[in-house]
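Pasting structure_23.tsv here (TSV, C-alpha atoms):
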chain	number	residue	atom	x	y	z
A	1	MET	CA	-66.45	67.63	-28.66
A	2	PHE	CA	-67.57	70.88	-26.89
A	3	CYS	CA	-65.86	72.88	-24.17
A	4	GLY	CA	-67.48	72.30	-20.81
A	5	GLN	CA	-67.07	75.99	-19.81
A	6	CYS	CA	-67.84	78.11	-22.86
A	7	GLY	CA	-69.55	75.54	-25.09
A	8	LYS	CA	-67.22	76.09	-28.09
A	9	ASN	CA	-66.96	73.24	-30.54
A	10	LEU	CA	-63.48	71.65	-30.28
A	11	PRO	CA	-61.60	69.04	-32.27
A	12	GLU	CA	-61.72	65.53	-30.84
A	13	ASP	CA	-58.01	65.52	-30.04
A	14	ALA	CA	-57.95	69.00	-28.40
A	15	LYS	CA	-56.41	69.07	-24.99
A	16	PHE	CA	-57.67	72.57	-24.02
A	17	CYS	CA	-60.25	75.06	-25.26
A	18	GLN	CA	-58.85	77.60	-27.70
A	19	SER	CA	-61.49	80.12	-26.56
A	20	CYS	CA	-61.35	80.02	-22.79
A	21	GLY	CA	-58.26	77.90	-22.26
A	22	ARG	CA	-59.95	75.32	-20.04
A	23	THR	CA	-58.46	71.83	-20.13
A	24	THR	CA	-60.70	69.35	-21.85
A	25	ALA	CA	-61.90	66.09	-20.17
A	26	ALA	CA	-59.83	63.97	-22.63
A	27	ALA	CA	-56.58	65.30	-21.23
A	28	PRO	CA	-56.09	64.17	-17.58
A	29	GLY	CA	-54.72	66.64	-15.14
A	30	PRO	CA	-51.39	66.26	-13.33
A	31	ILE	CA	-52.93	64.44	-10.37
A	32	ALA	CA	-54.91	62.14	-12.62
A	33	ALA	CA	-51.77	61.45	-14.66
A	34	SER	CA	-49.77	60.55	-11.59
A	35	PHE	CA	-52.49	58.18	-10.43
A	36	ALA	CA	-52.58	56.63	-13.87
A	37	THR	CA	-48.80	56.14	-13.86
A	38	ALA	CA	-48.86	54.51	-10.40
A	39	ALA	CA	-51.68	52.19	-11.41
A	40	ALA	CA	-49.80	51.13	-14.54
A	41	ALA	CA	-46.66	50.41	-12.52
A	42	ALA	CA	-48.63	48.34	-10.02
A	43	LEU	CA	-50.28	46.31	-12.77
A	44	ALA	CA	-47.01	45.77	-14.66
A	45	PRO	CA	-45.34	42.29	-14.15
A	46	THR	CA	-42.52	42.27	-11.59
A	47	PRO	CA	-39.16	41.26	-13.13
A	48	THR	CA	-37.64	38.12	-11.54
A	49	LEU	CA	-33.95	37.20	-11.16
A	50	SER	CA	-32.70	33.90	-12.51
A	51	PRO	CA	-31.17	31.46	-9.92
A	52	SER	CA	-27.75	31.94	-11.43
A	53	SER	CA	-27.92	35.70	-10.81
A	54	VAL	CA	-28.73	35.32	-7.08
A	55	PRO	CA	-25.50	35.49	-5.01
A	56	THR	CA	-24.95	32.37	-2.81
A	57	ARG	CA	-22.95	31.97	0.39
A	58	ARG	CA	-20.95	28.75	1.00
A	59	VAL	CA	-21.95	27.02	4.23
A	60	LEU	CA	-19.07	25.14	5.95
A	61	ARG	CA	-19.88	21.68	7.26
A	62	ALA	CA	-18.18	20.26	10.33
A	63	PRO	CA	-15.86	17.35	9.31
A	64	TYR	CA	-17.45	14.69	11.53
A	65	GLY	CA	-16.68	11.99	8.96
A	66	TRP	CA	-12.96	12.64	9.10
A	67	PHE	CA	-13.07	12.82	12.89
A	68	VAL	CA	-14.78	9.41	13.13
A	69	PHE	CA	-12.17	7.91	10.79
A	70	GLU	CA	-9.32	9.37	12.84
A	71	VAL	CA	-10.85	8.11	16.08
A	72	LEU	CA	-11.06	4.63	14.56
A	73	CYS	CA	-7.36	4.82	13.67
A	74	PHE	CA	-6.56	5.98	17.19
A	75	THR	CA	-8.64	3.20	18.73
A	76	THR	CA	-6.91	0.57	16.58
A	77	CYS	CA	-3.44	1.76	17.60
A	78	ALA	CA	-4.39	2.16	21.25
A	79	ALA	CA	-6.02	-1.29	21.36
A	80	GLY	CA	-2.86	-2.82	19.86
A	81	PHE	CA	-0.75	-1.00	22.43
A	82	VAL	CA	-2.91	-2.21	25.33
A	83	PHE	CA	-2.98	-5.75	23.91
A	84	LEU	CA	0.82	-5.94	23.72
A	85	ILE	CA	1.27	-4.46	27.21
A	86	SER	CA	-1.22	-6.92	28.70
A	87	MET	CA	0.33	-9.89	26.92
A	88	ALA	CA	3.88	-8.89	27.85
A	89	THR	CA	2.85	-8.39	31.48
A	90	ALA	CA	1.17	-11.80	31.59
A	91	THR	CA	4.19	-13.58	30.10
A	92	LEU	CA	6.88	-11.41	31.75
A	93	ASP	CA	8.82	-11.74	28.50
A	94	PRO	CA	11.24	-8.81	27.99
A	95	ASN	CA	11.25	-9.39	24.24
A	96	LYS	CA	7.54	-8.62	24.01
A	97	PHE	CA	7.95	-5.29	25.82
A	98	GLN	CA	10.32	-4.19	23.03
A	99	LYS	CA	7.46	-4.39	20.50
A	100	VAL	CA	5.39	-1.81	22.38
A	101	GLY	CA	7.37	1.22	21.13
A	102	GLY	CA	5.98	1.16	17.58
A	103	SER	CA	2.39	1.02	18.84
A	104	ALA	CA	3.02	3.95	21.20
A	105	MET	CA	4.12	6.13	18.29
A	106	GLY	CA	0.95	5.24	16.38
A	107	VAL	CA	-1.20	6.17	19.38
A	108	LEU	CA	0.52	9.55	19.73
A	109	PHE	CA	0.26	10.40	16.02
A	110	THR	CA	-3.44	9.49	15.67
A	111	ALA	CA	-4.33	11.33	18.90
A	112	ILE	CA	-2.78	14.55	17.58
A	113	TRP	CA	-4.48	14.03	14.21
A	114	ALA	CA	-7.94	13.58	15.78
A	115	SER	CA	-7.52	16.52	18.20
A	116	ARG	CA	-6.74	18.92	15.35
A	117	THR	CA	-9.87	17.85	13.48
A	118	TRP	CA	-11.98	18.32	16.64
A	119	LYS	CA	-10.68	21.88	16.99
A	120	ARG	CA	-11.78	22.49	13.42
A	121	ILE	CA	-15.27	21.22	14.29
A	122	GLN	CA	-15.42	23.60	17.26
A	123	GLU	CA	-14.43	26.52	15.02
A	124	ILE	CA	-17.27	25.76	12.59
A	125	GLU	CA	-19.75	25.00	15.37
A	126	PRO	CA	-18.76	27.30	18.26
A	127	GLU	CA	-19.77	26.07	21.67
A	128	SER	CA	-20.98	29.54	22.58
A	129	ASP	CA	-24.15	28.27	20.95
A	130	GLY	CA	-25.90	26.03	23.50
A	131	ASP	CA	-27.21	23.65	20.84
A	132	PHE	CA	-23.73	23.02	19.47
A	133	LYS	CA	-22.37	22.53	22.98
A	134	ARG	CA	-24.95	19.87	23.80
A	135	LYS	CA	-24.37	18.22	20.42
A	136	HIS	CA	-20.62	18.05	20.98
A	137	ARG	CA	-20.98	16.69	24.50
A	138	SER	CA	-23.32	13.92	23.38
A	139	PHE	CA	-21.08	13.00	20.44
A	140	LEU	CA	-17.93	12.86	22.59
A	141	LEU	CA	-19.60	10.74	25.28
A	142	ARG	CA	-20.68	8.13	22.72
A	143	THR	CA	-17.25	8.15	21.05
A	144	LEU	CA	-15.41	7.88	24.36
A	145	GLY	CA	-17.62	4.98	25.42
A	146	LEU	CA	-16.75	3.03	22.27
A	147	VAL	CA	-13.02	3.74	22.69
A	148	VAL	CA	-13.02	2.62	26.35
A	149	LEU	CA	-14.95	-0.53	25.47
A	150	SER	CA	-12.41	-1.37	22.75
A	151	LEU	CA	-9.47	-0.85	25.11
A	152	VAL	CA	-11.00	-3.02	27.82
A	153	LEU	CA	-11.62	-5.77	25.28
A	154	ALA	CA	-8.01	-5.50	24.03
A	155	CYS	CA	-6.74	-5.71	27.62
A	156	VAL	CA	-8.75	-8.88	28.31
A	157	LEU	CA	-7.65	-10.50	25.05
A	158	GLY	CA	-4.01	-9.60	25.68
A	159	ALA	CA	-4.04	-10.99	29.21
A	160	THR	CA	-5.76	-14.17	28.04
A	161	SER	CA	-3.34	-14.67	25.16
A	162	GLY	CA	-0.39	-13.94	27.43
A	163	GLY	CA	-1.66	-16.45	29.99
A	164	HIS	CA	-1.90	-19.15	27.34
A	165	GLN	CA	1.58	-18.36	26.06
A	166	SER	CA	2.97	-18.32	29.59
A	167	GLY	CA	1.53	-21.77	30.24
A	168	ALA	CA	2.87	-23.04	26.94
A	169	MET	CA	6.31	-21.61	27.67
A	170	ALA	CA	6.38	-23.27	31.10
A	171	ALA	CA	5.45	-26.60	29.51
A	172	MET	CA	8.11	-26.18	26.80
A	173	ARG	CA	10.69	-25.32	29.43
A	174	ALA	CA	9.91	-28.53	31.32
A	175	VAL	CA	10.19	-30.58	28.12
A	176	VAL	CA	13.51	-28.98	27.16
A	177	ALA	CA	14.89	-29.42	30.68
A	178	ALA	CA	14.01	-33.13	30.65
A	179	HIS	CA	15.52	-33.55	27.18
A	180	THR	CA	18.71	-31.77	28.24
A	181	GLU	CA	19.01	-34.03	31.28
A	182	ARG	CA	18.58	-37.18	29.20
A	183	MET	CA	21.16	-35.97	26.68
A	184	LYS	CA	23.88	-35.48	29.29
A	185	GLY	CA	24.88	-39.12	29.30
A	186	ILE	CA	24.65	-39.48	25.54
A	187	ASP	CA	26.24	-36.56	23.77
A	188	GLN	CA	29.37	-36.63	25.94
A	189	SER	CA	30.19	-40.13	24.69
A	190	VAL	CA	29.89	-39.05	21.07
A	191	ASN	CA	31.41	-35.59	21.36
A	192	THR	CA	32.82	-34.59	17.99
A	193	ASP	CA	36.09	-33.48	19.54
A	194	THR	CA	36.85	-37.03	20.66
A	195	VAL	CA	34.79	-39.26	18.40
A	196	TRP	CA	37.58	-39.88	15.92
A	197	SER	CA	40.26	-40.53	18.50
A	198	THR	CA	38.06	-43.04	20.37
A	199	MET	CA	37.24	-45.07	17.28
A	200	ALA	CA	40.16	-47.48	17.54
A	201	ASN	CA	38.49	-50.07	15.33
A	202	ARG	CA	35.41	-50.77	13.29
A	203	GLN	CA	33.46	-51.97	16.30
A	204	SER	CA	34.00	-48.68	18.13
A	205	ALA	CA	32.75	-46.87	15.03
A	206	VAL	CA	29.63	-49.04	14.97
A	207	ASP	CA	29.08	-48.25	18.68
A	208	ALA	CA	29.41	-44.55	17.96
A	209	VAL	CA	26.75	-44.78	15.23
A	210	ARG	CA	24.41	-46.55	17.66
A	211	LYS	CA	24.88	-43.82	20.25
A	212	LEU	CA	24.17	-41.18	17.65
A	213	GLN	CA	21.04	-43.04	16.66
A	214	THR	CA	20.05	-42.87	20.32
A	215	VAL	CA	20.47	-39.11	20.07
A	216	GLN	CA	18.16	-39.09	17.05
A	217	ALA	CA	15.59	-41.11	18.99
A	218	GLU	CA	15.75	-38.50	21.76
A	219	GLU	CA	15.22	-35.82	19.13
A	220	ASP	CA	12.09	-37.62	17.88
A	221	ARG	CA	10.88	-37.89	21.46
A	222	LEU	CA	11.44	-34.18	21.99
A	223	GLU	CA	9.51	-33.38	18.84
A	224	ASN	CA	6.55	-35.51	19.96
A	225	GLU	CA	6.53	-33.97	23.44
A	226	LEU	CA	6.55	-30.45	22.00
A	227	SER	CA	3.73	-31.40	19.65
A	228	ASN	CA	1.71	-32.56	22.67
A	229	VAL	CA	2.40	-29.24	24.38
A	230	PHE	CA	1.07	-27.33	21.38
A	231	THR	CA	-2.02	-29.52	21.24
A	232	ARG	CA	-2.69	-29.19	24.98
A	233	THR	CA	-2.18	-25.43	25.21
A	234	GLY	CA	-3.65	-24.52	21.82
A	235	MET	CA	-0.45	-22.68	20.88
A	236	ASN	CA	0.50	-22.42	17.22
A	237	GLU	CA	3.73	-24.25	16.39
A	238	GLY	CA	4.75	-21.26	14.31
A	239	LYS	CA	5.05	-19.26	17.55
A	240	MET	CA	7.69	-21.56	19.00
A	241	PRO	CA	10.68	-19.45	20.15
A	242	THR	CA	13.31	-19.02	17.46
A	243	VAL	CA	16.04	-20.24	19.80
A	244	MET	CA	14.24	-23.58	20.17
A	245	VAL	CA	13.84	-23.94	16.41
A	246	SER	CA	17.54	-23.20	15.89
A	247	THR	CA	18.66	-25.63	18.59
A	248	PHE	CA	16.43	-28.43	17.35
A	249	LYS	CA	17.64	-28.00	13.77
A	250	ALA	CA	21.30	-27.81	14.85
A	251	GLU	CA	20.97	-30.97	16.93
A	252	ARG	CA	19.40	-32.81	14.01
A	253	ASP	CA	22.12	-31.61	11.66
A	254	TRP	CA	24.89	-32.60	14.07
A	255	SER	CA	23.71	-36.17	14.64
A	256	ALA	CA	22.98	-36.75	10.95
A	257	SER	CA	26.32	-35.36	9.75
A	258	ALA	CA	28.28	-37.35	12.35
A	259	ILE	CA	26.52	-40.58	11.38
A	260	GLU	CA	27.20	-39.88	7.71
A	261	ALA	CA	30.91	-39.34	8.36
A	262	ILE	CA	31.31	-42.47	10.53
A	263	ASN	CA	29.33	-44.63	8.09
A	264	PHE	CA	31.62	-43.52	5.30
A	265	SER	CA	34.66	-44.40	7.41
A	266	LEU	CA	33.26	-47.93	7.81
A	267	THR	CA	33.52	-48.36	4.04
A	268	LEU	CA	37.26	-47.74	4.07
A	269	ASP	CA	39.70	-50.65	3.81
A	270	ASP	CA	41.56	-52.28	6.69
A	271	ARG	CA	44.69	-50.18	6.19
A	272	PHE	CA	42.78	-47.20	7.58
A	273	TRP	CA	41.52	-49.10	10.63
A	274	ASN	CA	44.76	-50.94	11.30
A	275	THR	CA	46.56	-47.63	11.70
A	276	PRO	CA	46.48	-46.45	15.35
A	277	PRO	CA	44.25	-43.40	16.02
A	278	ASP	CA	47.23	-41.33	17.13
A	279	LYS	CA	48.89	-41.85	13.74
A	280	ASP	CA	48.06	-40.32	10.38
A	281	ARG	CA	45.33	-42.68	9.23
A	282	PHE	CA	44.57	-40.48	6.24
A	283	ALA	CA	47.95	-41.24	4.72
A	284	THR	CA	46.64	-44.72	3.90
A	285	LEU	CA	43.78	-43.35	1.78
A	286	ASP	CA	43.72	-42.38	-1.86
A	287	SER	CA	43.05	-38.74	-2.73
A	288	ASN	CA	39.30	-39.19	-3.36
A	289	ASP	CA	38.58	-41.03	-0.12
A	290	ARG	CA	40.73	-38.64	1.83
A	291	ALA	CA	38.94	-35.60	0.39
A	292	THR	CA	35.55	-37.14	1.14
A	293	ILE	CA	36.29	-38.12	4.75
A	294	GLU	CA	37.86	-34.72	5.46
A	295	ARG	CA	34.81	-32.95	4.02
A	296	LEU	CA	32.40	-35.04	6.06
A	297	MET	CA	34.42	-34.58	9.23
A	298	LYS	CA	34.59	-30.85	8.70
A	299	HIS	CA	30.84	-30.64	8.23
A	300	ALA	CA	30.27	-32.74	11.37
A	301	ASP	CA	32.61	-30.49	13.39
A	302	GLU	CA	30.85	-27.33	12.15
A	303	ALA	CA	27.45	-28.81	12.94
A	304	ALA	CA	28.61	-29.76	16.43
A	305	ASN	CA	29.87	-26.24	17.13
A	306	THR	CA	26.60	-24.75	15.87
A	307	PHE	CA	24.64	-27.12	18.10
A	308	ILE	CA	26.74	-26.25	21.16
A	309	SER	CA	26.17	-22.51	20.63
A	310	ALA	CA	22.44	-22.97	20.03
A	311	ALA	CA	22.07	-25.21	23.09
A	312	ASP	CA	23.79	-22.60	25.27
A	313	ALA	CA	21.43	-19.91	23.95
A	314	GLN	CA	18.44	-22.15	24.67
A	315	ARG	CA	19.59	-22.78	28.24
A	316	LYS	CA	19.86	-19.04	28.82
A	317	TYR	CA	16.44	-18.42	27.25
A	318	PHE	CA	14.73	-20.91	29.56
A	319	ASN	CA	17.01	-20.04	32.50
A	320	LEU	CA	18.28	-23.61	32.76
A	321	PRO	CA	21.48	-24.56	34.63
A	322	ALA	CA	24.65	-24.14	32.60
A	323	LYS	CA	26.09	-27.26	31.07
A	324	GLN	CA	28.90	-28.70	33.15
A	325	GLN	CA	32.13	-29.24	31.32
Mind converting the file's structure to structure tokens?
Amino acid sequence: MFCGQCGKNLPEDAKFCQSCGRTTAAAPGPIAASFATAAAAALAPTPTLSPSSVPTRRVLRAPYGWFVFEVLCFTTCAAGFVFLISMATATLDPNKFQKVGGSAMGVLFTAIWASRTWKRIQEIEPESDGDFKRKHRSFLLRTLGLVVLSLVLACVLGATSGGHQSGAMAAMRAVVAAHTERMKGIDQSVNTDTVWSTMANRQSAVDAVRKLQTVQAEEDRLENELSNVFTRTGMNEGKMPTVMVSTFKAERDWSASAIEAINFSLTLDDRFWNTPPDKDRFATLDSNDRATIERLMKHADEAANTFISAADAQRKYFNLPAKQQ
């Protein structure tokens, strides 16, 4: 290699001429070196970051799912509340109005629950953004429409159910009133308070049993008439007022226990019947018979008292005239 200025022969790896000091062509100048460095950096592969090294930001999602669930809970409670109010209004039954309180608490709780979730949605999607505002308005209109439709349906169903129950109650009242009227001339003649004192002989006891069997026939008639009411009105027998169930059972128990006691007395010997009713007839009996007749009489008396109390409660329930003493 020769120097380009003075022509001196130079080693191949010389960077400048030892004679004149000129830089050789093999050694790039500062500008050439900087260009070379920049070109190398541009051609070098760019390092990439792995996905795990890129920082991520958590995006909050509006809890629409929870809000829909809470609205469903609110709608269920509100529909139940409206149903009970409509049914109670149609029947004018004070007892049904007492059941409304629990539903009202459910409506209040679920309304507060849903409103808090909606505030959370508005915090995540502020309505200062027009798109969010339109989205919220559309969502609320659809939700409100479904809630109103459910409440209207509950109101109609409650009024319809109440109307059916009101008709059934009126029919049951008429049946009970007719039964009570028919029983006036029967139960007074077999009143437990006087039945034993009026049985002066066996024949009077037989007559008392026949009268009590007439009572049982009236009970069967009442049962059939009530069954016809349920069939005609479509009312479930299980929804019959508790006071009616209690009265019917007490009346059955009273007539059956009285018949059992009188029938047992008919098996006693003549010494019992030959003793006047105002005397101690039981003194003529042995200990076993006396214990049995006293037990049966006690049960009949208790059943009669239960029936009297239940019948009074039934008259008050149906607003029937009080029984004349």
> Which residue gives the smallest distance to Ala283 of chain A among A:Gly21, A:Met235, A:Arg271, A:Thr110, with only C-alpha atoms counted?
Replying inline: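 Answer, going by the shortest atom-to-atom distance: A:Arg271.
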>> Distance cut-off 10 Å, centre (14.9, -36.4, 23.1) in file coordinates, counting only C-alpha atoms: which residues qualify? Return them as a ChimeraX atom specification.
In response: /A:175-176,178-183,214-225,248
>> What's around Val71 of chain A at 12 Å? Count all atoms listed in the file, leave out sequence neighbours fewer than 5 positions away in its own chain, and write the answer as an MDAnalysis selection string.
In response: chainID A and resid 64:66 76:79 107 109:118 140 142:148 150
>> Between atom CA of Ala258 of chain A and atom CA of Met172 of chain A, what is the distance in Å, rounded to a tenth?
In response: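 Between these atoms lies a distance of 27.2 Å.
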>> At a cut-off of 7 Å, using only C-alpha atoms, what residues contact Ala261 of chain A? Leave out same-chain residues fewer than 4 positions from it and give the result as number ranges by chain.
In response: A: 257, 265, 293, 296-297
>> So, with all atoms listed in the file as the atoms that count, which of A:Leu226, A:Ala205, A:Cys6, A:Cys17 lies closest to Pro241 of chain A?
In response: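 Counting all atoms listed in the file, the residue closest to Pro241 of chain A is A:Leu226.
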List every protein, DNA or RNA residue with an atom no more than 8 Å from (3.1, -11.8, 29.2) in the file's coordinates, counting all atoms listed in the file, and format the result as a tab-separated table (two decimals) with C-alpha atoms, in the frame of the given file.
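Saved the output as out.tsv:
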chain	number	residue	atom	x	y	z
A	85	ILE	CA	1.27	-4.46	27.21
A	86	SER	CA	-1.22	-6.92	28.70
A	87	MET	CA	0.33	-9.89	26.92
A	88	ALA	CA	3.88	-8.89	27.85
A	89	THR	CA	2.85	-8.39	31.48
A	90	ALA	CA	1.17	-11.80	31.59
A	91	THR	CA	4.19	-13.58	30.10
A	92	LEU	CA	6.88	-11.41	31.75
A	93	ASP	CA	8.82	-11.74	28.50
A	96	LYS	CA	7.54	-8.62	24.01
A	159	ALA	CA	-4.04	-10.99	29.21
A	162	GLY	CA	-0.39	-13.94	27.43
A	163	GLY	CA	-1.66	-16.45	29.99
A	165	GLN	CA	1.58	-18.36	26.06
A	166	SER	CA	2.97	-18.32	29.59
>> My list of candidates is A:Lys298, A:Arg134, A:Lys8, A:Lys211. Which is closest to Thr24 of chain A when distances are computed with only C-alpha atoms?
In response: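 Comparing A:Lys298, A:Arg134, A:Lys8, A:Lys211 against Thr24 of chain A, the winner is A:Lys8.
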>> Measuring between only C-alpha atoms, which one of A:Leu268, A:Gln5, A:Asn274, A:Gln122 shows the shortest distance to Asp286 of chain A?
In response: A:Leu268
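Taking atom CA of Ala300 of chain A and atom CA of Thr284 of chain A as the two end points, the separation is 21.6 Å.
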